[in-house]
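Written out below as structure tokens is the structure these notes cover.
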Amino acid sequence: MMRENPADLLPELCLLGGVVVGILTGSFLPRARQWIVAVLCAAVLTAGLVSAAFAARRADTVTFGAFVLDPATHVTRIVVLASALLVLALAVGPMRGHRRESEFYVLVLLAALGTITLGAASDLLVLVAAYLLASIPGYALAGFGKDAHGTEAALKYFLMGAFLGILMLVGVTLLYGLGRGTAYEVLRTELGSAPEGPVMVGVVLLLAGLLFKAG
């Protein structure tokens, strides 16, 4: 079943709204009161968890033609949102008073949003966008401390992510050319009659980026 109902994406919209409000709120708060952004982000993640739990009770569907709501998506939502909430709880103490405290919390929300979209995408173009959204905040978080080890880790993470992201894009382009589309349903139908060798190459290149991100 396919439909276009924004309410189906309520956990993701909660994260997106939290990112926008967190950035704006953190821009006007003094350093000593940046903890308010942490409370806001924690409330957003909790709201996302609640809405994800309710959504898990509904029938499987595809919304906006590119976002599938099935058991895998529900599990991804709950695990990622709960993990992000745990990260905020562990970080609120060490980050207290940091001059970029609010940016840290917002980056965690962005990375969570990208990761959830990775698990729920039903179109290769959405998958690539989700890969970038999950990756770029991770690069910033890896080097957030601006020390020698963090800077080295962020640089290595960025270079490896960019390289494997390019391989992933090559795989997506190859599968698009062979399958005459980017939607998973179209690819499932069309790739069955495509040459096996190029299809396998495209799948391996696509998985290279995804497995790196999983790792």
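Please note that chains go A, B, ... in the order of the structure tokens, that every chain numbers its residues from 1, and that ligands are numbered from 1 in the order shown.
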
Q.
Can you tell me which residues surround stretch 89-104 of chain A at a distance of at most 9 Å, considering only C-alpha atoms, apart from same-chain residues fewer than 5 positions away, and format the answer as a PyMOL selection string?
A. chain A and resi 22-23+25-27+31-38+42+84+109+140-141+144

Could you save the residues just selected, with N, CA, C and O atoms, as a short mmCIF file (atom, residue, chain, number, x, y, z; two decimals), in the first residue's frame?
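Written output follows (result_21.cif):
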data_model
loop_
_atom_site.label_atom_id
_atom_site.label_comp_id
_atom_site.auth_asym_id
_atom_site.auth_seq_id
_atom_site.Cartn_x
_atom_site.Cartn_y
_atom_site.Cartn_z
N GLY A 22 16.89 23.63 17.60
CA GLY A 22 18.12 23.57 18.36
C GLY A 22 19.16 24.56 17.87
O GLY A 22 19.83 25.22 18.68
N ILE A 23 19.31 24.68 16.55
CA ILE A 23 20.27 25.63 16.00
C ILE A 23 19.87 27.06 16.35
O ILE A 23 20.71 27.87 16.79
N THR A 25 17.82 28.13 18.77
CA THR A 25 17.87 28.37 20.22
C THR A 25 19.31 28.52 20.70
O THR A 25 19.63 29.43 21.47
N GLY A 26 20.20 27.64 20.23
CA GLY A 26 21.59 27.71 20.65
C GLY A 26 22.29 28.98 20.21
O GLY A 26 23.25 29.42 20.85
N SER A 27 21.80 29.58 19.12
CA SER A 27 22.44 30.80 18.61
C SER A 27 22.19 32.00 19.51
O SER A 27 22.95 32.98 19.46
N ARG A 31 26.55 30.84 26.85
CA ARG A 31 27.22 29.55 26.98
C ARG A 31 26.77 28.80 28.22
O ARG A 31 26.64 27.57 28.20
N ALA A 32 26.51 29.48 29.28
CA ALA A 32 26.13 28.83 30.53
C ALA A 32 24.74 28.19 30.45
O ALA A 32 24.40 27.36 31.30
N ARG A 33 23.95 28.55 29.43
CA ARG A 33 22.59 28.02 29.34
C ARG A 33 22.39 27.16 28.09
O ARG A 33 21.26 26.91 27.70
N GLN A 34 23.47 26.70 27.50
CA GLN A 34 23.35 25.85 26.33
C GLN A 34 22.73 24.49 26.66
O GLN A 34 22.27 23.79 25.77
N TRP A 35 22.69 24.14 27.93
CA TRP A 35 22.09 22.87 28.33
C TRP A 35 20.62 22.81 27.95
O TRP A 35 20.04 21.72 27.84
N ILE A 36 20.01 23.96 27.75
CA ILE A 36 18.60 23.98 27.35
C ILE A 36 18.42 23.26 26.01
O ILE A 36 17.42 22.58 25.79
N VAL A 37 19.41 23.39 25.12
CA VAL A 37 19.34 22.71 23.83
C VAL A 37 19.40 21.19 24.03
O VAL A 37 18.73 20.43 23.33
N ALA A 38 20.20 20.75 25.01
CA ALA A 38 20.27 19.32 25.31
C ALA A 38 18.91 18.81 25.77
O ALA A 38 18.46 17.72 25.36
N ALA A 42 16.66 16.08 23.80
CA ALA A 42 16.20 14.87 24.49
C ALA A 42 14.69 14.73 24.40
O ALA A 42 14.15 13.63 24.20
N ALA A 84 20.67 7.47 20.24
CA ALA A 84 20.96 8.91 20.25
C ALA A 84 20.62 9.52 21.60
O ALA A 84 21.34 10.40 22.10
N LEU A 109 21.51 14.70 16.32
CA LEU A 109 20.18 14.55 15.73
C LEU A 109 20.25 14.37 14.22
O LEU A 109 19.53 13.54 13.64
N ALA A 140 32.18 15.62 11.50
CA ALA A 140 32.34 16.73 12.44
C ALA A 140 32.43 16.23 13.88
O ALA A 140 33.23 16.74 14.68
N LEU A 141 31.64 15.21 14.22
CA LEU A 141 31.66 14.69 15.58
C LEU A 141 32.98 13.99 15.90
O LEU A 141 33.47 14.05 17.03
N PHE A 144 35.41 16.65 16.87
CA PHE A 144 34.78 17.72 17.63
C PHE A 144 35.71 18.29 18.70
O PHE A 144 35.67 19.48 19.00
#

Q) Near A:Ala59, counting only C-alpha atoms, which residues have an atom at most 9 Å away, once you skip same-chain residues fewer than 2 positions from it, shown as a ChimeraX atom specification? A) /A:1,55-57,61,69-70

Go ahead and save the picked residues with all heavy atoms, as a PDB file, in the first residue's frame.
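Result went into again_25.pdb, see below:
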ATOM      1  N   MET A   1       0.844  -1.183   0.000  1.00  0.00           N
ATOM      2  CA  MET A   1       0.000   0.000   0.000  1.00  0.00           C
ATOM      3  C   MET A   1       0.891   1.248   0.000  1.00  0.00           C
ATOM      4  O   MET A   1       1.858   1.321   0.743  1.00  0.00           O
ATOM      5  CB  MET A   1      -0.910   0.008   1.240  1.00  0.00           C
ATOM      6  CG  MET A   1      -1.877   1.178   1.261  1.00  0.00           C
ATOM      7  SD  MET A   1      -3.039   1.070   2.657  1.00  0.00           S
ATOM      8  CE  MET A   1      -1.918   1.248   4.039  1.00  0.00           C
ATOM      9  N   ALA A  55       3.701   3.951  15.515  1.00  0.00           N
ATOM     10  CA  ALA A  55       3.731   3.638  14.082  1.00  0.00           C
ATOM     11  C   ALA A  55       3.991   2.159  13.837  1.00  0.00           C
ATOM     12  O   ALA A  55       3.559   1.606  12.821  1.00  0.00           O
ATOM     13  CB  ALA A  55       4.793   4.487  13.388  1.00  0.00           C
ATOM     14  N   ALA A  56       4.701   1.503  14.754  1.00  0.00           N
ATOM     15  CA  ALA A  56       5.025   0.086  14.578  1.00  0.00           C
ATOM     16  C   ALA A  56       3.793  -0.802  14.622  1.00  0.00           C
ATOM     17  O   ALA A  56       3.845  -1.957  14.195  1.00  0.00           O
ATOM     18  CB  ALA A  56       6.020  -0.346  15.656  1.00  0.00           C
ATOM     19  N   ARG A  57       2.684  -0.283  15.112  1.00  0.00           N
ATOM     20  CA  ARG A  57       1.464  -1.071  15.217  1.00  0.00           C
ATOM     21  C   ARG A  57       0.620  -0.988  13.955  1.00  0.00           C
ATOM     22  O   ARG A  57      -0.395  -1.688  13.844  1.00  0.00           O
ATOM     23  CB  ARG A  57       0.651  -0.580  16.417  1.00  0.00           C
ATOM     24  CG  ARG A  57       1.428  -0.625  17.737  1.00  0.00           C
ATOM     25  CD  ARG A  57       0.697   0.076  18.864  1.00  0.00           C
ATOM     26  NE  ARG A  57      -0.577  -0.562  19.165  1.00  0.00           N
ATOM     27  CZ  ARG A  57      -1.435  -0.095  20.072  1.00  0.00           C
ATOM     28  NH1 ARG A  57      -1.129   0.994  20.768  1.00  0.00           N
ATOM     29  NH2 ARG A  57      -2.570  -0.723  20.289  1.00  0.00           N
ATOM     30  N   THR A  61       3.490  -0.050   4.808  1.00  0.00           N
ATOM     31  CA  THR A  61       3.112   0.850   3.723  1.00  0.00           C
ATOM     32  C   THR A  61       4.354   1.522   3.161  1.00  0.00           C
ATOM     33  O   THR A  61       5.435   1.463   3.744  1.00  0.00           O
ATOM     34  CB  THR A  61       2.120   1.918   4.215  1.00  0.00           C
ATOM     35  OG1 THR A  61       1.684   2.719   3.117  1.00  0.00           O
ATOM     36  CG2 THR A  61       2.775   2.831   5.237  1.00  0.00           C
ATOM     37  N   LEU A  69       7.623   1.795   5.321  1.00  0.00           N
ATOM     38  CA  LEU A  69       7.363   1.598   6.744  1.00  0.00           C
ATOM     39  C   LEU A  69       7.037   0.127   6.969  1.00  0.00           C
ATOM     40  O   LEU A  69       5.920  -0.326   6.703  1.00  0.00           O
ATOM     41  CB  LEU A  69       6.191   2.488   7.191  1.00  0.00           C
ATOM     42  CG  LEU A  69       6.387   3.998   6.998  1.00  0.00           C
ATOM     43  CD1 LEU A  69       5.146   4.755   7.420  1.00  0.00           C
ATOM     44  CD2 LEU A  69       7.600   4.488   7.755  1.00  0.00           C
ATOM     45  N   ASP A  70       8.019  -0.623   7.410  1.00  0.00           N
ATOM     46  CA  ASP A  70       7.882  -2.054   7.646  1.00  0.00           C
ATOM     47  C   ASP A  70       8.606  -2.390   8.948  1.00  0.00           C
ATOM     48  O   ASP A  70       9.162  -1.494   9.601  1.00  0.00           O
ATOM     49  CB  ASP A  70       8.429  -2.850   6.460  1.00  0.00           C
ATOM     50  CG  ASP A  70       9.900  -2.564   6.184  1.00  0.00           C
ATOM     51  OD1 ASP A  70      10.518  -1.804   6.968  1.00  0.00           O
ATOM     52  OD2 ASP A  70      10.444  -3.084   5.204  1.00  0.00           O
TER      53      ASP A  70
END

What's around A:Leu127 at 12 Å? Count only C-alpha atoms, leave out sequence neighbours fewer than 3 positions away in its own chain, and write the answer as a short mmCIF file (atom, residue, chain, number, x, y, z; two decimals) with N, CA, C and O atoms, in the first residue's frame.
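Ended up saving to result-v6.cif:
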data_model
loop_
_atom_site.label_atom_id
_atom_site.label_comp_id
_atom_site.auth_asym_id
_atom_site.auth_seq_id
_atom_site.Cartn_x
_atom_site.Cartn_y
_atom_site.Cartn_z
N ALA A 66 9.06 6.58 -1.64
CA ALA A 66 10.49 6.33 -1.43
C ALA A 66 10.85 5.99 0.00
O ALA A 66 12.01 5.82 0.31
N PHE A 67 9.84 5.89 0.87
CA PHE A 67 10.10 5.66 2.29
C PHE A 67 9.19 4.54 2.73
O PHE A 67 7.97 4.70 2.80
N VAL A 68 9.76 3.37 3.01
CA VAL A 68 8.96 2.20 3.36
C VAL A 68 8.83 2.07 4.87
O VAL A 68 9.81 2.26 5.61
N GLY A 114 19.78 10.82 9.41
CA GLY A 114 20.35 10.16 8.23
C GLY A 114 20.38 8.66 8.36
O GLY A 114 20.09 7.93 7.40
N THR A 115 20.68 8.16 9.55
CA THR A 115 20.74 6.71 9.77
C THR A 115 19.37 6.07 9.64
O THR A 115 19.22 5.00 9.03
N ILE A 116 18.35 6.72 10.18
CA ILE A 116 16.99 6.19 10.06
C ILE A 116 16.56 6.17 8.59
O ILE A 116 15.96 5.19 8.12
N THR A 117 16.88 7.22 7.87
CA THR A 117 16.51 7.28 6.46
C THR A 117 17.22 6.20 5.65
O THR A 117 16.66 5.65 4.70
N LEU A 118 18.46 5.88 6.03
CA LEU A 118 19.18 4.78 5.38
C LEU A 118 18.40 3.47 5.50
O LEU A 118 18.29 2.70 4.54
N GLY A 119 17.86 3.22 6.69
CA GLY A 119 17.15 1.98 6.92
C GLY A 119 15.77 1.93 6.31
O GLY A 119 15.22 0.85 6.12
N ALA A 120 15.20 3.09 6.01
CA ALA A 120 13.82 3.14 5.52
C ALA A 120 13.70 3.45 4.03
O ALA A 120 12.61 3.35 3.48
N ALA A 121 14.80 3.81 3.38
CA ALA A 121 14.73 4.21 1.98
C ALA A 121 14.27 3.06 1.09
O ALA A 121 14.65 1.91 1.31
N SER A 122 13.47 3.39 0.08
CA SER A 122 13.07 2.40 -0.92
C SER A 122 13.40 2.90 -2.32
O SER A 122 12.80 2.48 -3.30
N ASP A 123 14.37 3.81 -2.38
CA ASP A 123 14.82 4.37 -3.65
C ASP A 123 16.31 4.65 -3.53
O ASP A 123 16.77 5.14 -2.48
N LEU A 124 17.07 4.37 -4.57
CA LEU A 124 18.53 4.53 -4.50
C LEU A 124 18.94 5.99 -4.30
O LEU A 124 19.93 6.27 -3.63
N ALA A 130 20.60 9.87 2.15
CA ALA A 130 20.66 9.45 3.54
C ALA A 130 22.09 9.12 3.96
O ALA A 130 22.51 9.39 5.09
N TYR A 131 22.84 8.50 3.05
CA TYR A 131 24.25 8.18 3.34
C TYR A 131 25.03 9.46 3.64
O TYR A 131 25.81 9.51 4.61
N LEU A 132 24.82 10.48 2.86
CA LEU A 132 25.52 11.75 3.08
C LEU A 132 25.06 12.40 4.38
O LEU A 132 25.88 12.94 5.13
N LEU A 133 23.76 12.35 4.64
CA LEU A 133 23.24 12.97 5.86
C LEU A 133 23.74 12.25 7.11
O LEU A 133 23.97 12.88 8.15
N ALA A 134 23.93 10.95 7.02
CA ALA A 134 24.45 10.21 8.16
C ALA A 134 25.96 10.38 8.31
O ALA A 134 26.50 10.25 9.41
N GLY A 165 31.98 6.56 -0.75
CA GLY A 165 30.77 7.21 -1.24
C GLY A 165 30.79 7.34 -2.76
O GLY A 165 29.75 7.18 -3.42
N MET A 168 30.02 4.03 -4.16
CA MET A 168 28.59 3.80 -4.00
C MET A 168 27.81 4.51 -5.11
O MET A 168 26.86 3.95 -5.68
N LEU A 169 28.19 5.74 -5.44
CA LEU A 169 27.52 6.48 -6.51
C LEU A 169 27.72 5.80 -7.86
O LEU A 169 26.80 5.77 -8.69
N VAL A 172 25.31 2.94 -7.89
CA VAL A 172 23.95 3.43 -8.10
C VAL A 172 23.73 3.78 -9.57
O VAL A 172 22.69 3.44 -10.16
N THR A 182 15.31 3.89 -10.23
CA THR A 182 16.02 3.88 -8.95
C THR A 182 15.17 3.32 -7.82
O THR A 182 15.69 3.01 -6.76
N ALA A 183 13.87 3.18 -8.02
CA ALA A 183 13.00 2.60 -7.00
C ALA A 183 13.29 1.11 -6.86
O ALA A 183 13.52 0.41 -7.85
N TYR A 184 13.26 0.61 -5.63
CA TYR A 184 13.57 -0.80 -5.40
C TYR A 184 12.60 -1.72 -6.14
O TYR A 184 13.01 -2.77 -6.65
N LEU A 206 27.68 -0.67 -4.45
CA LEU A 206 26.67 -0.07 -3.58
C LEU A 206 26.87 -0.51 -2.14
O LEU A 206 26.82 0.30 -1.20
N LEU A 207 27.12 -1.80 -1.95
CA LEU A 207 27.30 -2.33 -0.60
C LEU A 207 28.59 -1.83 0.05
O LEU A 207 28.69 -1.79 1.27
N GLY A 209 29.80 1.20 0.20
CA GLY A 209 29.49 2.38 1.00
C GLY A 209 28.63 2.05 2.21
O GLY A 209 28.88 2.53 3.32
N LEU A 210 27.63 1.20 2.03
CA LEU A 210 26.72 0.87 3.12
C LEU A 210 27.41 0.08 4.22
O LEU A 210 27.18 0.33 5.41
#

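By only C-alpha atoms, and with residues fewer than 6 positions from A:Arg180 along its chain excluded, the set lying at most 8 Å from it is Val186, Leu187 and Glu190 of chain A.
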
Residue selection dump (all heavy atoms) as a PDB file, in the first residue's frame:
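And here is the file that came out, again33.pdb:
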ATOM      1  N   VAL A 186      11.068  -1.196  -8.978  1.00  0.00           N
ATOM      2  CA  VAL A 186      11.436  -1.206 -10.401  1.00  0.00           C
ATOM      3  C   VAL A 186      12.688  -2.041 -10.617  1.00  0.00           C
ATOM      4  O   VAL A 186      12.764  -2.858 -11.551  1.00  0.00           O
ATOM      5  CB  VAL A 186      11.649   0.238 -10.914  1.00  0.00           C
ATOM      6  CG1 VAL A 186      12.156   0.237 -12.358  1.00  0.00           C
ATOM      7  CG2 VAL A 186      10.357   1.038 -10.806  1.00  0.00           C
ATOM      8  N   LEU A 187      13.665  -1.871  -9.751  1.00  0.00           N
ATOM      9  CA  LEU A 187      14.918  -2.614  -9.892  1.00  0.00           C
ATOM     10  C   LEU A 187      14.692  -4.115  -9.714  1.00  0.00           C
ATOM     11  O   LEU A 187      15.302  -4.926 -10.415  1.00  0.00           O
ATOM     12  CB  LEU A 187      15.935  -2.117  -8.867  1.00  0.00           C
ATOM     13  CG  LEU A 187      16.454  -0.687  -9.072  1.00  0.00           C
ATOM     14  CD1 LEU A 187      17.322  -0.256  -7.900  1.00  0.00           C
ATOM     15  CD2 LEU A 187      17.235  -0.574 -10.372  1.00  0.00           C
ATOM     16  N   GLU A 190      13.270  -5.201 -13.143  1.00  0.00           N
ATOM     17  CA  GLU A 190      14.092  -5.005 -14.339  1.00  0.00           C
ATOM     18  C   GLU A 190      15.440  -5.702 -14.269  1.00  0.00           C
ATOM     19  O   GLU A 190      15.956  -6.167 -15.290  1.00  0.00           O
ATOM     20  CB  GLU A 190      14.302  -3.507 -14.581  1.00  0.00           C
ATOM     21  CG  GLU A 190      13.030  -2.730 -14.869  1.00  0.00           C
ATOM     22  CD  GLU A 190      12.407  -3.124 -16.192  1.00  0.00           C
ATOM     23  OE1 GLU A 190      13.147  -3.595 -17.084  1.00  0.00           O
ATOM     24  OE2 GLU A 190      11.183  -2.959 -16.339  1.00  0.00           O
TER      25      GLU A 190
END

**Q.** Interatomic distance (Å, one decimal) between atom CA of A:Val19 and atom CA of A:Leu107
**A.**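 The value is 8.1 Å.
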
Q: Using only C-alpha atoms, determine which residues lie at most 9 Å from A:Ala53, disregarding the query and same-chain residues fewer than 3 positions distant; provide the list as a ChimeraX atom specification.
A: /A:48-50,56-57,74,77-78

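For the set A:Val62, A:Leu86, A:Leu191, A:Val106, the residue with the smallest atom-to-atom gap to A:Val21 is A:Val106, counting only C-alpha atoms.
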
Q. Between A:Ala142, A:Leu175, A:Gly65, A:His149, which is the closest to A:Val126 once you count only C-alpha atoms?
A.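 With only C-alpha atoms as the atom set, the closest residue is A:Gly65.
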
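Atom CA of A:Tyr176 lies 25.8 Å from atom CA of A:Asp60.
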
Q) At what distance in Å, to one decimal, does atom CA of A:Ser135 lie from atom CA of A:Gly215? A)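 One can read the atom CA of A:Gly215 to atom CA of A:Ser135 distance as 12.1 Å.
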
Q: Identify all residues of stretch 11-208 of chain A in helix (DSSP H, G or I) (DSSP on the backbone) and supply them as a ChimeraX atom specification.
A: /A:11-28,31-33,35-55,71-91,101-120,124-142,148-179,184-193,196-208

Q: Determine the nearest neighbour of A:Ala47 from the options A:Pro198, A:Leu24, A:Glu12, A:Arg3, counting only C-alpha atoms.
A: A:Glu12
